[in-house]
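Trainee: Can you keep this structure in mind? I'll have questions shortly.
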Amino acid sequence: MLVKGVVRIVEVEAEDAVLAEALRRHGVEVRRGAPVVAVYGRDRDILRALRSEERPVLGVSPPGVDARLAALELREVPLLPDLALEVVDVVRVEAESGGQRVVAINEVALLAAEPASFVRYSLYVDGAFVFNDLGDGCLVSTPVGSTAYALSAGGAVVSPRADVLEVVPVNSALRRPPHVFPSDVRIELRDVRSRSDVYLIGDGAEKIRYRGYAAVAKAGTAKLVVRPQRPRAAPRLPPSVQLVKRVVEERGPLTASEVAALTGLSPRTVRYALEKLREAGLVRSTVDPTDPRRRIYMA
């Protein structure tokens with residue numbers, strides 16, 4: 001993503017009736033042809049708009065829905081007229097095979113149609129051979145997509161401001177590592193073999209059948225409205241909370257009783273410290289997989 005500047009949203013185009021009503025109620029003009037398109041929904045809905053829309057896309061998520069591409073939640077619409085937002089460029093990629101094309105914002109995936117089917121392929125970049133592989137397939141990911149499917153497949157988290165593409169082998173039997181290339185290269189997937197049909201899938205939504213040869217390349221950019229990232233001052237923590245934080249960082253995951261034993265603090269003090277650290281986003285907690293009655297804490 002490349003920052004394009006701070007904007008204030010005063011008029012949008014919005015098809016969803018719930019969102020349109022909320023926007024109008026709080027002083028935002030809703031009309032066809034407005035310079036900004038507002039999309040109400042989850043990441044898949046925002047991605048759908050970004051794949052085809054040339055205007056900036058403002059994502060608004062339903063209450064309680066964690067949509068990483070949304071700039072705000074529906075309950076925050078009253079704040080919109082006063083919010084300073086940014087319009088950033090996000091890489092758009094296009095895959096072509098056999099005269100068909102698929103567009104993606106997150107990633108293009110080369111996958112077999114049948115589960116548990118190995119895919120053999122060769123990777124070329126700008127006509128130069130890079131590697132052969134055998135596995136579940138591979139992903140060509142954008143920086144935005146590096147925190148989605150690519151991350152779960154073992155890829156690196158790429159800065160959203162990096163102008164690159166990342167190739168991530170999926171469950172590589174040959175242990176091929178992820179590769180990062182400048183975004184202006186042409187990535188080719190050749191010699192693909194599998195016992196089932198193979199598809200190129202864009203953002204997990206649109207797909208085309210692989211037909212003898214496939215190429216993936218940057219196809220311009222889309223524009224996404226985001227909130228500017230402001231550095232937050234580190235919270236001031238009492239000494240007991242700092243001690244618990246250090247122990248969890250060094251020795252976690254730990255239960256509350258294990259933290260108490262390691263620190264010598266009372267159970268009540270440990271519970272208070274863990275809650276403060278959780279509220280500050282400095283520790284996470286989950287159910288202990290070995291005992292569902294307990295919770296474990298980790299940095």
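Ligands are numbered from 1 in the order shown, chains are lettered A, B, ... in the order of the structure tokens, and residues start at 1 in each chain.
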Do a neighbour search on Val36 (chain A) at 8 Å with only C-alpha atoms, toss out local chain neighbours closer than 4 positions, and write the hits as a PyMOL selection string.
Mentor: chain A and resi 9+11-13+55-58
Trainee: Under the rule of at most 12 Å, produce a per-residue listing of region 57-92 of chain A near region 183-202 of chain A: chain, number, name, the closest pair of atoms, and the distance in Å, as a Markdown table, using only C-alpha atoms.
Mentor:
```
| residue | atom | partner | partner_atom | distance |
| --- | --- | --- | --- | --- |
| A:Val90 | CA | A:Ser183 | CA | 11.5 |
| A:Val91 | CA | A:Ser183 | CA | 8.3 |
| A:Arg92 | CA | A:Ser183 | CA | 10.0 |
```
Trainee: Those selected residues, please, written with N, CA, C and O atoms and delivered as a PDB file, in the first residue's frame.
Mentor:
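So selection_20.pdb came out as:
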```pdb
ATOM      1  N   VAL A  90      -3.400  -0.556  -3.090  1.00  0.00           N
ATOM      2  CA  VAL A  90      -3.149  -1.965  -2.820  1.00  0.00           C
ATOM      3  C   VAL A  90      -2.936  -2.668  -4.153  1.00  0.00           C
ATOM      4  O   VAL A  90      -3.622  -2.383  -5.138  1.00  0.00           O
ATOM      5  N   VAL A  91      -1.955  -3.556  -4.179  1.00  0.00           N
ATOM      6  CA  VAL A  91      -1.609  -4.256  -5.417  1.00  0.00           C
ATOM      7  C   VAL A  91      -2.758  -5.146  -5.860  1.00  0.00           C
ATOM      8  O   VAL A  91      -3.344  -5.880  -5.062  1.00  0.00           O
ATOM      9  N   ARG A  92      -3.054  -5.075  -7.144  1.00  0.00           N
ATOM     10  CA  ARG A  92      -4.044  -5.964  -7.764  1.00  0.00           C
ATOM     11  C   ARG A  92      -3.295  -6.869  -8.733  1.00  0.00           C
ATOM     12  O   ARG A  92      -2.472  -6.389  -9.516  1.00  0.00           O
TER      13      ARG A  92
END
```
Trainee: At a cut-off of 8 Å, using only C-alpha atoms, what residues contact Thr142 (chain A)? Leave out same-chain residues fewer than 6 positions from it and give the result as a VMD selection string.
Mentor: chain A and resid 91 to 93 105 to 107 164 to 166
Trainee: How would the residues just chosen look if you wrote them out with N, CA, C and O atoms as a short mmCIF file (atom, residue, chain, number, x, y, z; two decimals), in the first residue's frame?
Mentor:
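The result, stored in out-v6.cif:
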```cif
data_model
loop_
_atom_site.label_atom_id
_atom_site.label_comp_id
_atom_site.auth_asym_id
_atom_site.auth_seq_id
_atom_site.Cartn_x
_atom_site.Cartn_y
_atom_site.Cartn_z
N VAL A 91 -1.96 -3.56 -4.18
CA VAL A 91 -1.61 -4.26 -5.42
C VAL A 91 -2.76 -5.15 -5.86
O VAL A 91 -3.34 -5.88 -5.06
N ARG A 92 -3.05 -5.07 -7.14
CA ARG A 92 -4.04 -5.96 -7.76
C ARG A 92 -3.30 -6.87 -8.73
O ARG A 92 -2.47 -6.39 -9.52
N VAL A 93 -3.52 -8.19 -8.66
CA VAL A 93 -2.85 -9.11 -9.55
C VAL A 93 -3.87 -9.81 -10.45
O VAL A 93 -5.05 -9.92 -10.10
N ILE A 105 -6.87 -9.53 -5.04
CA ILE A 105 -6.26 -8.51 -4.17
C ILE A 105 -5.38 -9.18 -3.13
O ILE A 105 -4.30 -8.69 -2.79
N ASN A 106 -5.81 -10.31 -2.58
CA ASN A 106 -5.02 -11.05 -1.58
C ASN A 106 -4.01 -11.97 -2.24
O ASN A 106 -2.81 -11.85 -2.02
N GLU A 107 -4.53 -12.95 -3.02
CA GLU A 107 -3.63 -13.93 -3.60
C GLU A 107 -4.30 -14.68 -4.73
O GLU A 107 -5.54 -14.77 -4.81
N VAL A 164 5.90 -5.52 -3.71
CA VAL A 164 6.44 -6.84 -4.04
C VAL A 164 5.30 -7.85 -4.20
O VAL A 164 4.16 -7.58 -3.84
N LEU A 165 5.68 -9.01 -4.73
CA LEU A 165 4.82 -10.18 -4.76
C LEU A 165 5.56 -11.32 -4.05
O LEU A 165 6.78 -11.43 -4.16
N GLU A 166 4.82 -12.16 -3.36
CA GLU A 166 5.42 -13.28 -2.62
C GLU A 166 4.86 -14.59 -3.16
O GLU A 166 3.64 -14.76 -3.26
#
```
Trainee: Near Leu123 (chain A), counting only C-alpha atoms, which residues have an atom at most 12 Å away, once you skip same-chain residues fewer than 3 positions from it, shown as JSON, numbers by chain?
Mentor: {"A": [110, 120, 126, 127, 128, 129, 130, 131, 132, 133, 134, 137, 138, 139, 140, 167, 168, 169, 176, 178, 179, 186, 187, 188, 189, 190, 191, 192, 213, 214, 215, 216]}
Trainee: If you keep N, CA, C and O atoms, can you produce a file of those selected residues as a CSV table (one decimal), in the first residue's frame?
Mentor:
```csv
chain,number,residue,atom,x,y,z
A,110,LEU,N,-2.8,-21.7,-6.8
A,110,LEU,CA,-2.8,-22.8,-7.7
A,110,LEU,C,-3.0,-24.0,-6.9
A,110,LEU,O,-2.2,-24.5,-6.1
A,120,ARG,N,2.4,-31.0,-9.0
A,120,ARG,CA,3.8,-30.8,-9.4
A,120,ARG,C,3.8,-29.6,-10.4
A,120,ARG,O,3.0,-29.5,-11.3
A,126,ASP,N,10.0,-14.0,-15.0
A,126,ASP,CA,10.5,-13.3,-16.1
A,126,ASP,C,11.3,-14.3,-17.1
A,126,ASP,O,12.3,-13.9,-17.6
A,127,GLY,N,10.7,-15.5,-17.2
A,127,GLY,CA,11.3,-16.4,-18.1
A,127,GLY,C,12.4,-17.3,-17.6
A,127,GLY,O,12.9,-18.2,-18.2
A,128,ALA,N,12.9,-16.9,-16.4
A,128,ALA,CA,14.1,-17.7,-15.8
A,128,ALA,C,13.5,-18.7,-14.8
A,128,ALA,O,12.7,-18.4,-13.9
A,129,PHE,N,14.1,-19.9,-14.9
A,129,PHE,CA,13.7,-21.0,-14.0
A,129,PHE,C,14.1,-20.7,-12.5
A,129,PHE,O,15.2,-20.2,-12.3
A,130,VAL,N,13.2,-20.9,-11.6
A,130,VAL,CA,13.5,-20.7,-10.2
A,130,VAL,C,13.5,-22.0,-9.4
A,130,VAL,O,14.5,-22.3,-8.7
A,131,PHE,N,12.5,-22.8,-9.5
A,131,PHE,CA,12.5,-24.1,-8.8
A,131,PHE,C,11.4,-25.0,-9.3
A,131,PHE,O,10.4,-24.5,-9.9
A,132,ASN,N,11.5,-26.3,-9.1
A,132,ASN,CA,10.4,-27.3,-9.3
A,132,ASN,C,9.9,-27.6,-7.9
A,132,ASN,O,10.6,-27.5,-6.9
A,133,ASP,N,8.6,-28.0,-7.8
A,133,ASP,CA,8.1,-28.3,-6.5
A,133,ASP,C,7.0,-29.4,-6.6
A,133,ASP,O,6.4,-29.6,-7.7
A,134,LEU,N,6.7,-30.0,-5.5
A,134,LEU,CA,5.7,-31.0,-5.4
A,134,LEU,C,5.0,-30.8,-4.1
A,134,LEU,O,5.7,-30.8,-3.0
A,137,GLY,N,0.3,-27.2,-3.8
A,137,GLY,CA,0.1,-26.1,-4.8
A,137,GLY,C,1.0,-24.9,-4.4
A,137,GLY,O,2.0,-25.1,-3.7
A,138,CYS,N,0.6,-23.7,-4.8
A,138,CYS,CA,1.4,-22.6,-4.4
A,138,CYS,C,0.5,-21.3,-4.5
A,138,CYS,O,-0.6,-21.3,-5.1
A,139,LEU,N,0.9,-20.3,-3.8
A,139,LEU,CA,0.2,-19.0,-3.8
A,139,LEU,C,1.1,-17.9,-4.3
A,139,LEU,O,2.3,-17.9,-4.1
A,140,VAL,N,0.5,-17.0,-5.1
A,140,VAL,CA,1.2,-15.8,-5.4
A,140,VAL,C,0.4,-14.7,-4.7
A,140,VAL,O,-0.7,-14.4,-5.0
A,167,VAL,N,5.7,-15.5,-3.5
A,167,VAL,CA,5.3,-16.9,-3.9
A,167,VAL,C,5.5,-17.8,-2.7
A,167,VAL,O,6.6,-17.9,-2.2
A,168,VAL,N,4.4,-18.5,-2.3
A,168,VAL,CA,4.5,-19.3,-1.1
A,168,VAL,C,4.0,-20.7,-1.5
A,168,VAL,O,2.9,-21.0,-1.8
A,169,PRO,N,5.0,-21.7,-1.5
A,169,PRO,CA,4.6,-23.1,-1.8
A,169,PRO,C,3.7,-23.6,-0.6
A,169,PRO,O,3.9,-23.2,0.5
A,176,ARG,N,10.4,-26.2,-0.3
A,176,ARG,CA,10.7,-25.0,-0.9
A,176,ARG,C,10.3,-23.8,-0.1
A,176,ARG,O,9.1,-23.8,0.4
A,178,PRO,N,9.3,-19.7,0.9
A,178,PRO,CA,8.7,-18.6,0.2
A,178,PRO,C,9.8,-17.7,-0.5
A,178,PRO,O,10.9,-17.6,-0.1
A,179,HIS,N,9.4,-17.1,-1.6
A,179,HIS,CA,10.3,-16.3,-2.4
A,179,HIS,C,9.5,-14.9,-2.6
A,179,HIS,O,8.3,-14.9,-2.9
A,186,ARG,N,6.9,-11.0,-14.1
A,186,ARG,CA,5.9,-11.9,-14.6
A,186,ARG,C,6.2,-13.3,-14.0
A,186,ARG,O,7.3,-13.9,-14.2
A,187,ILE,N,5.3,-13.8,-13.2
A,187,ILE,CA,5.4,-15.1,-12.5
A,187,ILE,C,4.7,-16.2,-13.4
A,187,ILE,O,3.5,-16.0,-13.7
A,188,GLU,N,5.4,-17.2,-13.7
A,188,GLU,CA,4.9,-18.2,-14.6
A,188,GLU,C,4.9,-19.6,-13.9
A,188,GLU,O,5.8,-20.0,-13.2
A,189,LEU,N,3.8,-20.3,-14.0
A,189,LEU,CA,3.6,-21.7,-13.5
A,189,LEU,C,3.5,-22.6,-14.6
A,189,LEU,O,2.5,-22.6,-15.3
A,190,ARG,N,4.5,-23.4,-14.8
A,190,ARG,CA,4.6,-24.3,-16.0
A,190,ARG,C,4.6,-25.8,-15.6
A,190,ARG,O,4.9,-26.1,-14.4
A,191,ASP,N,4.4,-26.6,-16.5
A,191,ASP,CA,4.6,-28.1,-16.3
A,191,ASP,C,3.8,-28.6,-15.1
A,191,ASP,O,4.2,-29.4,-14.3
A,192,VAL,N,2.5,-28.1,-15.0
A,192,VAL,CA,1.7,-28.5,-13.9
A,192,VAL,C,1.1,-29.9,-14.1
A,192,VAL,O,0.5,-30.1,-15.2
A,213,TYR,N,-0.6,-23.7,-19.1
A,213,TYR,CA,0.4,-22.7,-18.8
A,213,TYR,C,-0.4,-21.6,-18.0
A,213,TYR,O,-1.6,-21.4,-18.3
A,214,ALA,N,0.3,-21.0,-17.1
A,214,ALA,CA,-0.4,-19.9,-16.3
A,214,ALA,C,0.6,-18.8,-16.0
A,214,ALA,O,1.8,-19.1,-15.8
A,215,ALA,N,0.2,-17.5,-16.1
A,215,ALA,CA,1.0,-16.4,-15.7
A,215,ALA,C,0.3,-15.5,-14.8
A,215,ALA,O,-0.9,-15.3,-14.9
A,216,VAL,N,1.0,-15.0,-13.8
A,216,VAL,CA,0.5,-14.1,-12.8
A,216,VAL,C,1.3,-12.8,-12.8
A,216,VAL,O,2.6,-12.9,-12.7
```
Trainee: Would you mind writing down, as a VMD selection string, each residue of region 90-276 of chain A that DSSP on the backbone assigns to strand (DSSP E)?
Mentor: chain A and resid 90 to 97 100 to 104 107 to 112 119 to 125 128 to 135 137 to 141 164 to 170 179 to 182 186 to 193 198 to 202 206 to 209 214 to 226
Trainee: What is the distance, in Å and to one decimal place, between CA of Arg271 (chain A) and CA of Tyr297 (chain A)?
Mentor: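 Answer for the CA of Arg271 (chain A) to CA of Tyr297 (chain A) separation: 11.0 Å.
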Trainee: Tell me, in Å to one decimal, how far CA of Ala104 (chain A) is from CA of Tyr124 (chain A).
Mentor: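 Straight-line distance from CA of Ala104 (chain A) to CA of Tyr124 (chain A) works out to 19.9 Å.
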Trainee: So which residues touch region 71-73 of chain A within 8 Å, counting only C-alpha atoms, skipping near sequence neighbours fewer than 3 positions away, as a list in words?
Mentor: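 Counting only C-alpha atoms, the residues come to Leu58, Gly59, Val60, Ser61, Pro62, Pro63, Glu76, Val77, Val225, Val226 and Arg227 of chain A.
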Trainee: Between A:Gly155, A:Gly135, A:Gly204, A:Gly98, which has the minimum distance to Val180 (chain A) (counting only C-alpha atoms)?
Mentor: A:Gly155
Trainee: For Val244 (chain A), please output as a ChimeraX atom specification all residues within 9 Å (counting only C-alpha atoms; exclusion window: fewer than 2 positions along the same chain).
Mentor: /A:239-242,246-249,259-260,263,265,270,273-274,277
